[in-house]
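Engineer: Structure file structure00.cif, mmCIF, C-alpha atoms, pLDDT in the B column; chains and numbers go by the auth columns, is pasted below:
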```cif
data_input
#
loop_
_atom_site.group_PDB
_atom_site.id
_atom_site.type_symbol
_atom_site.label_atom_id
_atom_site.label_comp_id
_atom_site.label_asym_id
_atom_site.label_seq_id
_atom_site.Cartn_x
_atom_site.Cartn_y
_atom_site.Cartn_z
_atom_site.B_iso_or_equiv
_atom_site.auth_seq_id
_atom_site.auth_asym_id
ATOM 1 C CA MET A 1 -7.389 188.674 107.391 75.00 1 A
ATOM 2 C CA GLN A 2 -7.501 190.752 110.569 85.00 2 A
ATOM 3 C CA ASP A 3 -5.216 190.023 113.526 86.00 3 A
ATOM 4 C CA THR A 4 -8.201 189.331 115.776 89.00 4 A
ATOM 5 C CA GLU A 5 -9.474 186.636 113.427 92.00 5 A
ATOM 6 C CA ILE A 6 -5.994 185.097 113.144 93.00 6 A
ATOM 7 C CA ARG A 7 -5.737 184.840 116.943 93.00 7 A
ATOM 8 C CA LYS A 8 -9.143 183.138 117.081 94.00 8 A
ATOM 9 C CA ILE A 9 -8.118 180.612 114.433 94.00 9 A
ATOM 10 C CA ILE A 10 -4.827 179.830 116.204 95.00 10 A
ATOM 11 C CA GLU A 11 -6.719 179.488 119.475 95.00 11 A
ATOM 12 C CA ALA A 12 -9.136 177.031 117.840 95.00 12 A
ATOM 13 C CA LEU A 13 -6.230 175.022 116.395 95.00 13 A
ATOM 14 C CA LEU A 14 -4.550 174.863 119.796 94.00 14 A
ATOM 15 C CA PHE A 15 -7.780 173.679 121.375 92.00 15 A
ATOM 16 C CA ALA A 16 -8.427 171.002 118.733 91.00 16 A
ATOM 17 C CA SER A 17 -4.894 169.698 118.162 89.00 17 A
ATOM 18 C CA PRO A 18 -4.109 166.429 120.002 85.00 18 A
ATOM 19 C CA GLU A 19 -0.395 167.238 119.661 88.00 19 A
ATOM 20 C CA PRO A 20 1.617 170.432 120.181 91.00 20 A
ATOM 21 C CA LEU A 21 0.859 172.909 117.400 93.00 21 A
ATOM 22 C CA THR A 22 3.875 173.732 115.242 94.00 22 A
ATOM 23 C CA GLN A 23 4.608 176.440 112.694 94.00 23 A
ATOM 24 C CA THR A 24 4.634 173.758 109.990 93.00 24 A
ATOM 25 C CA LYS A 25 1.058 172.747 110.814 93.00 25 A
ATOM 26 C CA VAL A 26 -0.024 176.380 110.835 94.00 26 A
ATOM 27 C CA ASN A 27 1.583 176.871 107.415 92.00 27 A
ATOM 28 C CA GLY A 28 -0.648 174.119 106.081 91.00 28 A
ATOM 29 C CA VAL A 29 -3.780 175.861 107.384 92.00 29 A
ATOM 30 C CA PHE A 30 -3.110 179.425 106.251 90.00 30 A
ATOM 31 C CA ASP A 31 -2.574 180.050 102.559 77.00 31 A
ATOM 32 C CA PRO A 32 -0.926 182.133 101.281 78.00 32 A
ATOM 33 C CA ASP A 33 -0.417 184.544 104.206 84.00 33 A
ATOM 34 C CA THR A 34 0.974 182.554 107.126 91.00 34 A
ATOM 35 C CA PRO A 35 1.119 184.197 110.574 94.00 35 A
ATOM 36 C CA ASN A 36 4.088 183.794 112.899 94.00 36 A
ATOM 37 C CA LEU A 37 2.876 181.242 115.450 95.00 37 A
ATOM 38 C CA LYS A 38 5.244 182.336 118.206 94.00 38 A
ATOM 39 C CA GLU A 39 4.125 185.967 117.933 95.00 39 A
ATOM 40 C CA VAL A 40 0.438 185.013 117.979 95.00 40 A
ATOM 41 C CA VAL A 41 1.032 182.801 121.017 96.00 41 A
ATOM 42 C CA GLU A 42 2.660 185.700 122.867 96.00 42 A
ATOM 43 C CA GLU A 43 -0.359 187.890 122.086 95.00 43 A
ATOM 44 C CA LEU A 44 -2.782 185.195 123.254 96.00 44 A
ATOM 45 C CA ASN A 45 -0.859 184.641 126.486 95.00 45 A
ATOM 46 C CA GLU A 46 -0.995 188.366 127.208 95.00 46 A
ATOM 47 C CA GLN A 47 -4.732 188.233 126.590 94.00 47 A
ATOM 48 C CA TYR A 48 -5.133 185.244 128.945 94.00 48 A
ATOM 49 C CA ALA A 49 -3.052 186.938 131.649 93.00 49 A
ATOM 50 C CA GLN A 50 -5.120 190.118 131.470 94.00 50 A
ATOM 51 C CA GLY A 51 -8.320 188.088 131.639 93.00 51 A
ATOM 52 C CA ASN A 52 -6.974 186.056 134.583 93.00 52 A
ATOM 53 C CA HIS A 53 -7.730 182.770 132.817 94.00 53 A
ATOM 54 C CA ALA A 54 -6.989 179.355 134.345 94.00 54 A
ATOM 55 C CA PHE A 55 -4.899 178.299 131.343 93.00 55 A
ATOM 56 C CA LYS A 56 -2.025 179.471 129.164 94.00 56 A
ATOM 57 C CA ILE A 57 -0.079 178.383 126.093 95.00 57 A
ATOM 58 C CA GLN A 58 3.182 176.595 126.783 93.00 58 A
ATOM 59 C CA GLN A 59 5.992 175.523 124.474 91.00 59 A
ATOM 60 C CA VAL A 60 6.132 171.725 124.504 89.00 60 A
ATOM 61 C CA ALA A 61 8.081 169.251 122.342 86.00 61 A
ATOM 62 C CA GLY A 62 8.933 171.872 119.728 88.00 62 A
ATOM 63 C CA GLY A 63 5.370 173.187 119.446 92.00 63 A
ATOM 64 C CA PHE A 64 2.723 174.983 121.509 94.00 64 A
ATOM 65 C CA GLN A 65 -0.053 173.547 123.660 92.00 65 A
ATOM 66 C CA LEU A 66 -2.861 174.862 125.836 91.00 66 A
ATOM 67 C CA VAL A 67 -2.185 173.887 129.461 90.00 67 A
ATOM 68 C CA SER A 68 -3.859 174.623 132.778 90.00 68 A
ATOM 69 C CA ARG A 69 -2.057 176.772 135.312 90.00 69 A
ATOM 70 C CA GLN A 70 -0.149 175.014 138.052 85.00 70 A
ATOM 71 C CA GLU A 71 -2.380 176.222 140.891 90.00 71 A
ATOM 72 C CA TYR A 72 -5.253 174.137 139.496 88.00 72 A
ATOM 73 C CA GLU A 73 -3.261 170.920 139.125 81.00 73 A
ATOM 74 C CA HIS A 74 -4.653 169.470 142.365 81.00 74 A
ATOM 75 C CA PHE A 75 -8.248 169.716 141.179 87.00 75 A
ATOM 76 C CA ILE A 76 -7.462 168.318 137.740 82.00 76 A
ATOM 77 C CA ARG A 77 -5.620 165.351 139.260 76.00 77 A
ATOM 78 C CA ARG A 78 -8.624 164.593 141.446 81.00 78 A
ATOM 79 C CA MET A 79 -10.856 164.542 138.386 81.00 79 A
ATOM 80 C CA LEU A 80 -8.514 162.419 136.271 72.00 80 A
ATOM 81 C CA ASN A 81 -7.819 159.923 139.044 68.00 81 A
ATOM 82 C CA LYS A 82 -11.548 159.330 139.447 58.00 82 A
ATOM 83 C CA SER A 83 -11.830 158.682 135.711 50.00 83 A
ATOM 84 C CA GLY A 84 -9.400 155.765 135.943 47.00 84 A
ATOM 85 C CA ARG A 85 -6.573 157.422 134.074 51.00 85 A
ATOM 86 C CA LEU A 86 -3.653 155.079 133.450 51.00 86 A
ATOM 87 C CA THR A 87 -0.347 156.026 135.078 73.00 87 A
ATOM 88 C CA LEU A 88 3.202 154.716 134.746 80.00 88 A
ATOM 89 C CA SER A 89 4.413 152.153 137.254 83.00 89 A
ATOM 90 C CA SER A 90 7.496 152.742 139.406 85.00 90 A
ATOM 91 C CA ALA A 91 9.429 150.284 137.225 88.00 91 A
ATOM 92 C CA ALA A 92 8.426 152.168 134.083 90.00 92 A
ATOM 93 C CA LEU A 93 9.395 155.518 135.602 89.00 93 A
ATOM 94 C CA ASP A 94 12.770 154.138 136.746 89.00 94 A
ATOM 95 C CA THR A 95 13.494 152.775 133.283 92.00 95 A
ATOM 96 C CA LEU A 96 12.308 155.947 131.580 93.00 96 A
ATOM 97 C CA ALA A 97 14.552 158.072 133.809 90.00 97 A
ATOM 98 C CA ILE A 98 17.580 155.925 132.963 92.00 98 A
ATOM 99 C CA ILE A 99 16.897 156.171 129.242 93.00 99 A
ATOM 100 C CA ALA A 100 16.240 159.921 129.415 92.00 100 A
ATOM 101 C CA TYR A 101 19.582 160.673 131.088 90.00 101 A
ATOM 102 C CA LYS A 102 21.784 158.065 129.391 90.00 102 A
ATOM 103 C CA GLN A 103 20.283 157.888 125.886 91.00 103 A
ATOM 104 C CA PRO A 104 20.930 156.269 123.569 93.00 104 A
ATOM 105 C CA VAL A 105 21.163 153.254 125.857 93.00 105 A
ATOM 106 C CA GLY A 106 20.742 149.501 125.424 92.00 106 A
ATOM 107 C CA ARG A 107 18.565 147.081 127.342 91.00 107 A
ATOM 108 C CA TYR A 108 21.469 145.363 129.094 89.00 108 A
ATOM 109 C CA GLU A 109 22.810 148.639 130.453 91.00 109 A
ATOM 110 C CA VAL A 110 19.335 149.508 131.730 92.00 110 A
ATOM 111 C CA GLU A 111 19.089 146.097 133.401 91.00 111 A
ATOM 112 C CA ALA A 112 22.578 146.432 134.893 90.00 112 A
ATOM 113 C CA ILE A 113 21.492 149.679 136.545 89.00 113 A
ATOM 114 C CA ARG A 114 18.079 148.443 137.707 89.00 114 A
ATOM 115 C CA GLY A 115 19.251 144.958 138.653 88.00 115 A
ATOM 116 C CA VAL A 116 16.186 143.268 137.136 89.00 116 A
ATOM 117 C CA ASP A 117 14.923 142.156 133.738 88.00 117 A
ATOM 118 C CA SER A 118 13.501 145.167 131.896 88.00 118 A
ATOM 119 C CA SER A 119 12.230 143.677 128.636 88.00 119 A
ATOM 120 C CA GLY A 120 8.570 143.941 129.693 88.00 120 A
ATOM 121 C CA VAL A 121 8.947 147.540 130.842 91.00 121 A
ATOM 122 C CA LEU A 122 10.723 148.523 127.630 93.00 122 A
ATOM 123 C CA LYS A 123 7.894 146.983 125.618 92.00 123 A
ATOM 124 C CA THR A 124 5.354 148.999 127.632 90.00 124 A
ATOM 125 C CA LEU A 125 7.261 152.239 127.062 93.00 125 A
ATOM 126 C CA LEU A 126 7.549 151.459 123.340 93.00 126 A
ATOM 127 C CA ASN A 127 3.822 150.742 123.090 89.00 127 A
ATOM 128 C CA ARG A 128 3.063 154.073 124.766 89.00 128 A
ATOM 129 C CA ASN A 129 5.419 155.830 122.367 90.00 129 A
ATOM 130 C CA LEU A 130 7.480 157.275 125.224 93.00 130 A
ATOM 131 C CA ILE A 131 10.670 155.702 123.837 93.00 131 A
ATOM 132 C CA LYS A 132 11.771 154.523 120.406 93.00 132 A
ATOM 133 C CA ILE A 133 14.556 152.460 118.876 93.00 133 A
ATOM 134 C CA LYS A 134 17.444 154.712 117.905 91.00 134 A
ATOM 135 C CA GLY A 135 19.593 152.128 116.178 90.00 135 A
ATOM 136 C CA ARG A 136 22.110 149.464 117.199 89.00 136 A
ATOM 137 C CA ASP A 137 25.255 149.563 119.298 86.00 137 A
ATOM 138 C CA SER A 138 28.494 148.665 117.562 84.00 138 A
ATOM 139 C CA GLY A 139 29.401 146.237 120.389 79.00 139 A
ATOM 140 C CA PRO A 140 29.009 142.444 120.520 81.00 140 A
ATOM 141 C CA GLY A 141 25.595 141.305 119.360 78.00 141 A
ATOM 142 C CA ARG A 142 24.801 144.868 118.201 86.00 142 A
ATOM 143 C CA PRO A 143 21.993 145.336 120.759 88.00 143 A
ATOM 144 C CA LEU A 144 19.189 147.792 120.144 92.00 144 A
ATOM 145 C CA LEU A 145 19.578 151.303 121.546 94.00 145 A
ATOM 146 C CA TYR A 146 16.656 153.284 122.955 95.00 146 A
ATOM 147 C CA GLN A 147 15.941 156.992 123.286 94.00 147 A
ATOM 148 C CA THR A 148 12.989 159.123 124.347 94.00 148 A
ATOM 149 C CA THR A 149 10.400 160.521 121.926 93.00 149 A
ATOM 150 C CA ASP A 150 8.537 163.796 121.468 89.00 150 A
ATOM 151 C CA LYS A 151 5.641 162.068 123.257 87.00 151 A
ATOM 152 C CA PHE A 152 7.900 161.823 126.317 90.00 152 A
ATOM 153 C CA LEU A 153 8.472 165.587 126.169 89.00 153 A
ATOM 154 C CA GLU A 154 4.721 166.176 125.845 84.00 154 A
ATOM 155 C CA HIS A 155 3.894 163.846 128.741 82.00 155 A
ATOM 156 C CA PHE A 156 6.261 165.673 131.100 83.00 156 A
ATOM 157 C CA GLY A 157 5.631 169.172 129.750 81.00 157 A
ATOM 158 C CA LEU A 158 9.133 169.683 128.382 87.00 158 A
ATOM 159 C CA ASN A 159 10.111 171.590 125.260 82.00 159 A
ATOM 160 C CA ARG A 160 13.499 169.919 124.918 86.00 160 A
ATOM 161 C CA LEU A 161 15.635 167.397 126.817 88.00 161 A
ATOM 162 C CA SER A 162 17.810 170.183 128.216 85.00 162 A
ATOM 163 C CA ASP A 163 14.760 171.333 130.201 83.00 163 A
ATOM 164 C CA MET A 164 15.011 168.257 132.423 87.00 164 A
ATOM 165 C CA PRO A 165 16.384 168.753 135.955 82.00 165 A
ATOM 166 C CA LYS A 166 20.170 168.960 135.894 80.00 166 A
ATOM 167 C CA LEU A 167 22.074 166.013 137.326 72.00 167 A
ATOM 168 C CA LYS A 168 23.616 168.244 139.999 75.00 168 A
ATOM 169 C CA GLU A 169 20.133 169.277 141.147 73.00 169 A
ATOM 170 C CA ILE A 170 19.057 165.650 141.376 69.00 170 A
ATOM 171 C CA THR A 171 22.205 164.792 143.323 72.00 171 A
ATOM 172 C CA GLU A 172 21.496 167.530 145.877 73.00 172 A
ATOM 173 C CA LEU A 173 17.877 166.424 146.178 69.00 173 A
ATOM 174 C CA MET A 174 18.825 162.792 146.713 68.00 174 A
ATOM 175 C CA GLU A 175 21.453 163.668 149.302 73.00 175 A
ATOM 176 C CA ALA A 176 18.961 165.813 151.190 73.00 176 A
ATOM 177 C CA ASP A 177 16.397 162.986 151.278 67.00 177 A
ATOM 178 C CA PRO A 178 17.894 159.458 150.920 65.00 178 A
ATOM 179 C CA THR A 179 14.389 157.952 150.994 60.00 179 A
ATOM 180 C CA LEU A 180 13.887 159.150 147.423 58.00 180 A
ATOM 181 C CA GLY A 181 15.814 156.114 146.189 52.00 181 A
ATOM 182 C CA GLU A 182 19.212 154.738 145.298 52.00 182 A
ATOM 183 C CA GLN A 183 19.274 155.714 141.622 51.00 183 A
ATOM 184 C CA ILE A 184 21.691 158.528 142.453 49.00 184 A
ATOM 185 C CA THR A 185 24.603 156.350 141.286 50.00 185 A
ATOM 186 C CA VAL A 186 23.123 156.351 137.798 49.00 186 A
ATOM 187 C CA PHE A 187 23.183 160.131 137.587 47.00 187 A
ATOM 188 C CA GLU A 188 26.643 160.394 139.127 48.00 188 A
ATOM 189 C CA GLU A 189 28.050 157.960 136.551 49.00 189 A
ATOM 190 C CA LYS A 190 26.382 159.879 133.733 45.00 190 A
ATOM 191 C CA GLU A 191 27.776 163.168 135.032 45.00 191 A
ATOM 192 C CA LEU A 192 31.279 161.690 135.052 47.00 192 A
ATOM 193 C CA ASP A 193 30.808 160.442 131.481 49.00 193 A
ATOM 194 C CA ASP A 194 29.736 163.907 130.353 46.00 194 A
ATOM 195 C CA THR A 195 32.778 165.600 131.887 44.00 195 A
ATOM 196 C CA ASN A 196 35.244 163.092 130.419 46.00 196 A
ATOM 197 C CA THR A 197 35.683 164.479 126.922 38.00 197 A
ATOM 198 C CA ASP A 198 38.345 161.863 126.073 39.00 198 A
ATOM 199 C CA SER A 199 35.933 158.987 126.621 36.00 199 A
ATOM 200 C CA PRO A 200 34.876 157.470 123.246 35.00 200 A
ATOM 201 C CA ARG A 201 31.172 156.949 122.534 36.00 201 A
ATOM 202 C CA SER A 202 29.702 153.856 120.927 38.00 202 A
ATOM 203 C CA GLU A 203 28.928 154.208 117.250 39.00 203 A
ATOM 204 C CA VAL A 204 25.216 154.339 116.496 39.00 204 A
ATOM 205 C CA THR A 205 23.976 153.007 113.192 38.00 205 A
ATOM 206 C CA ALA A 206 20.497 153.078 111.714 39.00 206 A
ATOM 207 C CA GLY A 207 18.379 149.914 111.720 37.00 207 A
#
```
What does this structure look like when you write it as structure tokens?

Structural biologist:
Amino acid sequence: MQDTEIRKIIEALLFASPEPLTQTKVNGVFDPDTPNLKEVVEELNEQYAQGNHAFKIQQVAGGFQLVSRQEYEHFIRRMLNKSGRLTLSSAALDTLAIIAYKQPVGRYEVEAIRGVDSSGVLKTLLNRNLIKIKGRDSGPGRPLLYQTTDKFLEHFGLNRLSDMPKLKEITELMEADPTLGEQITVFEEKELDDTNTDSPRSEVTAG
């Protein structure tokens, strides 16, 4: 099979796939000669750049996905908002941020940070597959622990959790504009936990 045809097939798969396209999925399509997905993506992106297209291929949640370029975000948001697209509430975003930076984390720790009952918000995030149950804490009552999912990475255009803004960056942003909220204490506490290598972590068990 010629390289040109392979690029067209990969392009079609990227266009049709509801989830980021991975090498494993490509392996299941091509038999027996499987192309290197990352190399084909690089070739396609060069082609898109030369053609000055409004989209590119981006690495997301361990795979690759067709995405529009940032300069067209405003127009796309206008279209999606008019279509009644569902968005996350402030409570859901607060809870999701806490889980993302402190995972795995239990409901009571989330509620201690937010100061309000979070059971309904956690259920919403679970239903949207943005978080999942990691296991149980080894503490009293063995409460459930939550962590983010690959769907979370897809939703926010991240390839891995390390791509999230660093806690120091968030601290500087919050200090520069206090109106952004009071969640800064959450990130400061997490940063201290990360630097304290002698601090024991709770045991996480499956189930």

Engineer: Taking 3 positions as the minimum chain separation for residues in the same chain, which residues sit within 12 Å of A:Pro140 when counting only C-alpha atoms? Answer as an NGL selection string.

Structural biologist: :A and (106 or 108 or 136-137 or 143-144 or 202)

Engineer: Please indicate the distance in Å from atom CA of A:Ser17 to atom CA of A:Glu46, rounded to one decimal place.

Structural biologist: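 Between these atoms lies a distance of 21.1 Å.
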
Engineer: Write out as a VMD selection string the residues lying within 12 Å of A:Glu111, counting only C-alpha atoms and excluding same-chain residues fewer than 3 positions away.

Structural biologist: chain A and resid 91 94 to 95 98 to 99 105 to 108 114 to 122 186

Engineer: Counting only C-alpha atoms, what is within 10 Å of A:Arg7, bar same-chain residues fewer than 5 positions away, as a ChimeraX atom specification?

Structural biologist: /A:2,12-13,35,37,39-41,43-44

Engineer: Can you tell me how far atom CA of A:Leu153 sits from atom CA of A:Gln103, in Å to one decimal?

Structural biologist: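 Between atom CA of A:Leu153 and atom CA of A:Gln103 the gap works out to 14.1 Å.
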
Engineer: Kindly provide, as number ranges by chain, the polymer residues lying within 10 Å of (0.8, 172.1, 127.7), counting all atoms listed in the file and using the coordinates exactly as they appear in the file.

Structural biologist: A: 14, 19-20, 55-61, 63-69, 154-159

Engineer: Quick check, in Å to one decimal: how far apart do atom CA of A:Lys134 and atom CA of A:Thr24 lie?

Structural biologist: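 Atom CA of A:Lys134 sits 24.3 Å away from atom CA of A:Thr24.
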
Engineer: Can you sort out the box for stretch 41-51 of chain A, edges along x, y and z, all listed atoms in, 4 Å on every side, with centre and edge lengths in Å to one decimal, as JSON?

Structural biologist:
```
{"center_x": -2.8, "center_y": 186.5, "center_z": 126.3, "size_x": 19.0, "size_y": 15.3, "size_z": 18.6}
```

Engineer: Which residue gives the smallest distance to A:Leu161 among A:Gly139, A:Gly62, A:Gly28, A:Pro18, with all atoms listed in the file counted?

Structural biologist: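 Using all atoms listed in the file, the shortest distance to A:Leu161 belongs to A:Gly62.
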
Engineer: Quick one: residues within 12 Å of A:Tyr72, only C-alpha atoms, excluding same-chain residues fewer than 6 positions away - as a VMD selection string?

Structural biologist: chain A and resid 53 to 55 78 to 79

Engineer: Quick one: residues within 8 Å of (8.6, 159.0, 122.5) (file frame), counting all atoms listed in the file, please, as number ranges by chain.

Structural biologist: A: 126, 128-132, 147-153

Engineer: May I ask which of the residues A:Arg77, A:Glu42, A:Lys25, A:Tyr101 is the closest one to A:Asp163, counting only C-alpha atoms?

Structural biologist: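 The closest residue to A:Asp163 is A:Tyr101.
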